[in-house]
Amino acid sequence: MQAVILAGGKGTRLQSLLKGKPKCLAPIGQKTILEHQIIEITKSNIQNILIICCYESQQVINHINQIKDNYKSLNISVFVEDYPGGTGGALAAALNKLNKDFLLIMGDLFISLNLPKIYNFGRKCDSDALLVCKYTDHPEDSDLIGLMANNYVKNFFLRDENRNQIMHNKIPPIGNSGVFYFKKEFIKTFCTELCDIHQIIFSSLSNKVKLPRINYFFTAEFIKDLGSVERLSEVNKLNLLPYQMDSRIKSPAIFLDKDNTIIKDPKDKNPRNIKIDLFNRRLINLLVKLNKTHRIFITTNQPGIAKGFFKEDDLVNHLFTLGSHLFSENINISGFYFCPHHPQKGFENEIKELKISCNCRKPNPGMCEKISSEFNIEFEKSFVIGDSIRDFQLAKNMNIKFINALQL
């Protein structure tokens, strides 16, 4: 497994602090951004790191030489661009140094991520390009991602040059984090000697000749863009939650129902028409408190998909929009899980392959078991929050505590 760090940036907005140093050498505490990234890569047992640099490259090389004895298990190599070719141009220039597939980390990020999980997910999806995304608190200054079912990227909205774009009201504020998985072939096919990787992704989504497979990986783990003095200052003051500091830390979970729990049970079940109303303030206050110790997952039965009432894409957009409302309340959702099945036949536009009895339809434990397989869940301290007998029975089936949202 190879991790590639793009460390060629000048860091124009940070130069009052950097005084001629490249952006990757900005300090966080007693270490540079670059060394913090190397530490995180070491945690993930990735042994091969390629650092691509350009601006003041000798300073980067000198820094690596100073710290490399602390990371003797790593194979760290440095590639120096002949000239600034942009983020995509840098990868094209270093093409012969790239593995068949690799993880890419922008050089101005402070991260705490399970990197092998992202790498394996990219391989599982057979992705040509995989974008790691998360909720952003500065959508006007971010590339935003339109999401589809099955982890496909529908749209990629590039931030404008003035970093003051108008929000796309039809999509939640899901931002591109600056962490990617790529196949080398994608770089070879689409990148030129002078290009931006974000622009390449934007263009390749509408490519008529060869449509690449572009997926997303949503995460609630910690990723912070340190492109400005203000954001760099914020990181030095952070008090991160345990699971944000290391996604491999075991943590309890909340399996949270949606309808009539977080929002009122809508009469119109079509997700396109559902207006978000976080009606239960006592629940919201409880979730804010619990989010400091628990991961929170939305788990919901959505038989309308099997019945043909609405599309998965509409539901995915609705769930992430709901998550953005919770994010604005300081509630960070770690994942969205839904059961699309329904056992009874006889609906006009039903999807036959989804008309089954399954293990994921609550009160069956399938969604919780899937979450457990993907995250390191401590069930002894986990519980279900919901409003129905199904949620109560789910908790009983999982042998964990149940909280009735309507009795808070």
# chains A, B, ... in the order shown; residues from 1 in each chain; ligands from 1
call {"tool": "select_by_dssp", "arguments": {"residues": "stretch 51-113 of chain A", "states": "helix (DSSP H, G or I)", "output": "PyMOL selection string"}}
result
chain A and resi 57-71+86-93+95-97
call {"tool": "residues_around", "arguments": {"residues": "A:Leu74", "least_positions_apart": "5", "cutoff": "10 Å", "atoms": "only C-alpha atoms", "output": "ChimeraX atom specification"}}
result
/A:38,41-42,45-49,68-69
call {"tool": "residues_around", "arguments": {"residues": "A:Lys370", "least_positions_apart": "2", "cutoff": "12 Å", "atoms": "only C-alpha atoms", "output": "ChimeraX atom specification"}}
result
/A:255,297,299,335-339,359-360,364-368,372-377
call {"tool": "write_last_selection", "arguments": {"atoms": "C-alpha atoms", "output": "short mmCIF file (atom, residue, chain, number, x, y, z; two decimals), in the first residue's frame"}}
result
data_model
loop_
_atom_site.label_atom_id
_atom_site.label_comp_id
_atom_site.auth_asym_id
_atom_site.auth_seq_id
_atom_site.Cartn_x
_atom_site.Cartn_y
_atom_site.Cartn_z
CA PHE A 255 -28.57 3.30 16.61
CA PHE A 297 -25.70 6.02 13.23
CA THR A 299 -30.81 3.29 11.01
CA GLY A 335 -23.06 6.76 8.99
CA PHE A 336 -26.47 6.28 7.37
CA TYR A 337 -27.98 2.81 7.05
CA PHE A 338 -31.35 1.88 5.58
CA CYS A 339 -33.26 -1.25 4.70
CA ASN A 359 -32.16 -9.63 8.08
CA CYS A 360 -31.77 -5.84 7.86
CA ASN A 364 -33.95 -7.71 12.75
CA PRO A 365 -30.34 -6.85 13.66
CA GLY A 366 -28.82 -6.74 10.16
CA MET A 367 -28.11 -3.00 10.02
CA CYS A 368 -26.51 -3.04 13.47
CA SER A 372 -20.39 -3.55 13.84
CA SER A 373 -18.47 -5.14 10.94
CA GLU A 374 -17.41 -1.71 9.65
CA PHE A 375 -16.66 0.00 12.97
CA ASN A 376 -15.13 -1.05 16.25
CA ILE A 377 -18.35 -0.96 18.32
#
call {"tool": "residues_around", "arguments": {"residues": "A:Lys97", "least_positions_apart": "5", "cutoff": "10 Å", "atoms": "only C-alpha atoms", "output": "list in words"}}
result
Val4, Leu50, Ile52, Ser77, Val78, Phe79, Leu91, Ala92 and Lys184 of chain A
call {"tool": "write_last_selection", "arguments": {"atoms": "N, CA and C atoms", "output": "PDB file, in the first residue's frame"}}
result
ATOM      1  N   VAL A   4       0.656   8.777  -0.998  1.00  0.00           N
ATOM      2  CA  VAL A   4       1.314   9.868  -1.713  1.00  0.00           C
ATOM      3  C   VAL A   4       0.886  11.180  -1.064  1.00  0.00           C
ATOM      4  N   LEU A  50       5.389   8.359  -0.753  1.00  0.00           N
ATOM      5  CA  LEU A  50       5.992   9.196  -1.788  1.00  0.00           C
ATOM      6  C   LEU A  50       5.571  10.636  -1.520  1.00  0.00           C
ATOM      7  N   ILE A  52       5.663  14.374  -2.973  1.00  0.00           N
ATOM      8  CA  ILE A  52       5.883  15.141  -4.198  1.00  0.00           C
ATOM      9  C   ILE A  52       5.958  16.618  -3.812  1.00  0.00           C
ATOM     10  N   SER A  77      10.252   8.253   0.021  1.00  0.00           N
ATOM     11  CA  SER A  77      10.963   8.781  -1.145  1.00  0.00           C
ATOM     12  C   SER A  77      10.387  10.137  -1.512  1.00  0.00           C
ATOM     13  N   VAL A  78      11.197  10.971  -2.140  1.00  0.00           N
ATOM     14  CA  VAL A  78      10.793  12.327  -2.506  1.00  0.00           C
ATOM     15  C   VAL A  78      10.956  12.498  -4.013  1.00  0.00           C
ATOM     16  N   PHE A  79       9.906  13.034  -4.638  1.00  0.00           N
ATOM     17  CA  PHE A  79       9.959  13.376  -6.058  1.00  0.00           C
ATOM     18  C   PHE A  79       9.818  14.884  -6.172  1.00  0.00           C
ATOM     19  N   LEU A  91       1.061  14.673 -10.158  1.00  0.00           N
ATOM     20  CA  LEU A  91       0.874  13.219 -10.215  1.00  0.00           C
ATOM     21  C   LEU A  91       1.284  12.667 -11.580  1.00  0.00           C
ATOM     22  N   ALA A  92       0.979  13.411 -12.642  1.00  0.00           N
ATOM     23  CA  ALA A  92       1.385  12.976 -13.988  1.00  0.00           C
ATOM     24  C   ALA A  92       2.902  12.944 -14.104  1.00  0.00           C
ATOM     25  N   LYS A 184      -3.665   4.165 -10.705  1.00  0.00           N
ATOM     26  CA  LYS A 184      -2.642   4.833 -11.513  1.00  0.00           C
ATOM     27  C   LYS A 184      -3.155   5.092 -12.924  1.00  0.00           C
TER      28      LYS A 184
END
call {"tool": "atom_distance", "arguments": {"atom1": "atom CA of A:Pro84", "atom2": "atom CA of A:Leu98"}}
result
18.4 Å
call {"tool": "atom_distance", "arguments": {"atom1": "atom CA of A:Leu408", "atom2": "atom CA of A:Leu283"}}
result
6.8 Å
call {"tool": "atom_distance", "arguments": {"atom1": "atom CA of A:Phe402", "atom2": "atom CA of A:Asn280"}}
result
17.0 Å
call {"tool": "residues_around", "arguments": {"residues": "A:Pro271", "least_positions_apart": "5", "cutoff": "10 Å", "atoms": "only C-alpha atoms", "output": "list in words"}}
result
Pro266, Gly304, Phe309, Phe310, Lys311, Glu312, Asp313, Asp314, Leu315, Val316, Asn317, His318 and Leu319 of chain A
call {"tool": "residues_around", "arguments": {"residues": "A:Phe102", "least_positions_apart": "6", "cutoff": "8 Å", "atoms": "only C-alpha atoms", "output": "PyMOL selection string"}}
result
chain A and resi 1-4+119+181-184
call {"tool": "closest_atom_pairs", "arguments": {"of": "stretch 69-149 of chain A", "to": "stretch 214-226 of chain A", "cutoff": "12 Å", "atoms": "only C-alpha atoms", "output": "tab-separated table"}}
result
residue	atom	partner	partner_atom	distance
A:Ile105	CA	A:Ile223	CA	10.6
A:Met106	CA	A:Asp225	CA	9.0
A:Gly107	CA	A:Leu226	CA	9.2
A:Asp108	CA	A:Leu226	CA	5.4
A:Leu109	CA	A:Asp225	CA	4.8
A:Phe110	CA	A:Lys224	CA	5.2
A:Ile111	CA	A:Ile223	CA	4.5
A:Ser112	CA	A:Phe222	CA	5.1
A:Leu113	CA	A:Glu221	CA	6.1
A:Asn114	CA	A:Glu221	CA	8.5
A:Leu115	CA	A:Glu221	CA	10.8
A:Lys117	CA	A:Phe217	CA	9.8
A:Ile118	CA	A:Phe217	CA	7.2
A:Tyr119	CA	A:Phe217	CA	10.1
A:Asn120	CA	A:Phe217	CA	10.9
A:Phe121	CA	A:Phe217	CA	7.8
A:Gly122	CA	A:Asn215	CA	7.9
A:Arg123	CA	A:Asn215	CA	10.8
A:Lys124	CA	A:Asn215	CA	10.8
A:Cys125	CA	A:Asn215	CA	7.5
A:Asp126	CA	A:Asn215	CA	9.1
A:Ser127	CA	A:Ile214	CA	5.9
A:Asp128	CA	A:Ile214	CA	6.0
A:Ala129	CA	A:Ile214	CA	4.9
A:Leu130	CA	A:Asn215	CA	4.8
A:Leu131	CA	A:Tyr216	CA	4.7
A:Val132	CA	A:Phe217	CA	4.7
A:Cys133	CA	A:Phe218	CA	5.0
A:Lys134	CA	A:Thr219	CA	5.5
A:Tyr135	CA	A:Ala220	CA	7.8
A:Thr136	CA	A:Lys224	CA	9.5
A:Asp137	CA	A:Lys224	CA	10.5
A:His138	CA	A:Asp225	CA	10.4
A:Asp141	CA	A:Asp225	CA	10.6
A:Ser142	CA	A:Asp225	CA	9.9
A:Leu144	CA	A:Tyr216	CA	11.7
A:Ile145	CA	A:Tyr216	CA	8.6
A:Gly146	CA	A:Tyr216	CA	9.7
A:Leu147	CA	A:Tyr216	CA	7.8
A:Met148	CA	A:Asn215	CA	9.1
A:Ala149	CA	A:Asn215	CA	10.0
call {"tool": "closest_residue", "arguments": {"among": "A:Asn207, A:Thr261, A:Thr87, A:Asn330", "to": "A:Asn285", "atoms": "only C-alpha atoms"}}
result
A:Asn330
call {"tool": "closest_residue", "arguments": {"among": "A:Ile305, A:Val384, A:Val179, A:Leu326", "to": "A:Lys269", "atoms": "only C-alpha atoms"}}
result
A:Ile305
call {"tool": "select_by_dssp", "arguments": {"residues": "stretch 176-301 of chain A", "states": "strand (DSSP E)", "output": "ChimeraX atom specification"}}
result
/A:176-183,214-218,222-225,253-256,295-301
call {"tool": "write_last_selection", "arguments": {"atoms": "C-alpha atoms", "output": "compact mmCIF listing (two decimals), in the first residue's frame"}}
result
# COMPACT_ATOMS: atom_id res chain seq x y z
CA ASN A 176 -14.26 17.00 -0.67
CA SER A 177 -11.73 16.42 2.11
CA GLY A 178 -8.48 16.29 0.13
CA VAL A 179 -7.93 12.57 0.73
CA PHE A 180 -8.37 10.22 -2.26
CA TYR A 181 -7.86 6.72 -3.57
CA PHE A 182 -6.74 6.50 -7.20
CA LYS A 183 -5.84 3.90 -9.73
CA ILE A 214 -15.88 7.66 -9.33
CA ASN A 215 -17.07 6.83 -5.82
CA TYR A 216 -17.21 8.53 -2.45
CA PHE A 217 -16.29 7.43 1.06
CA PHE A 218 -18.13 9.36 3.77
CA PHE A 222 -11.10 14.13 11.72
CA ILE A 223 -9.85 15.96 8.62
CA LYS A 224 -8.96 19.65 8.80
CA ASP A 225 -7.79 21.82 5.94
CA ALA A 253 -22.82 3.43 19.37
CA ILE A 254 -26.28 4.93 19.18
CA PHE A 255 -28.57 3.30 16.61
CA LEU A 256 -30.91 6.20 15.90
CA ARG A 295 -20.73 7.22 17.53
CA ILE A 296 -24.20 7.96 16.15
CA PHE A 297 -25.70 6.02 13.23
CA ILE A 298 -29.06 6.63 11.60
CA THR A 299 -30.81 3.29 11.01
CA THR A 300 -34.15 3.35 9.21
CA ASN A 301 -36.56 1.05 7.40
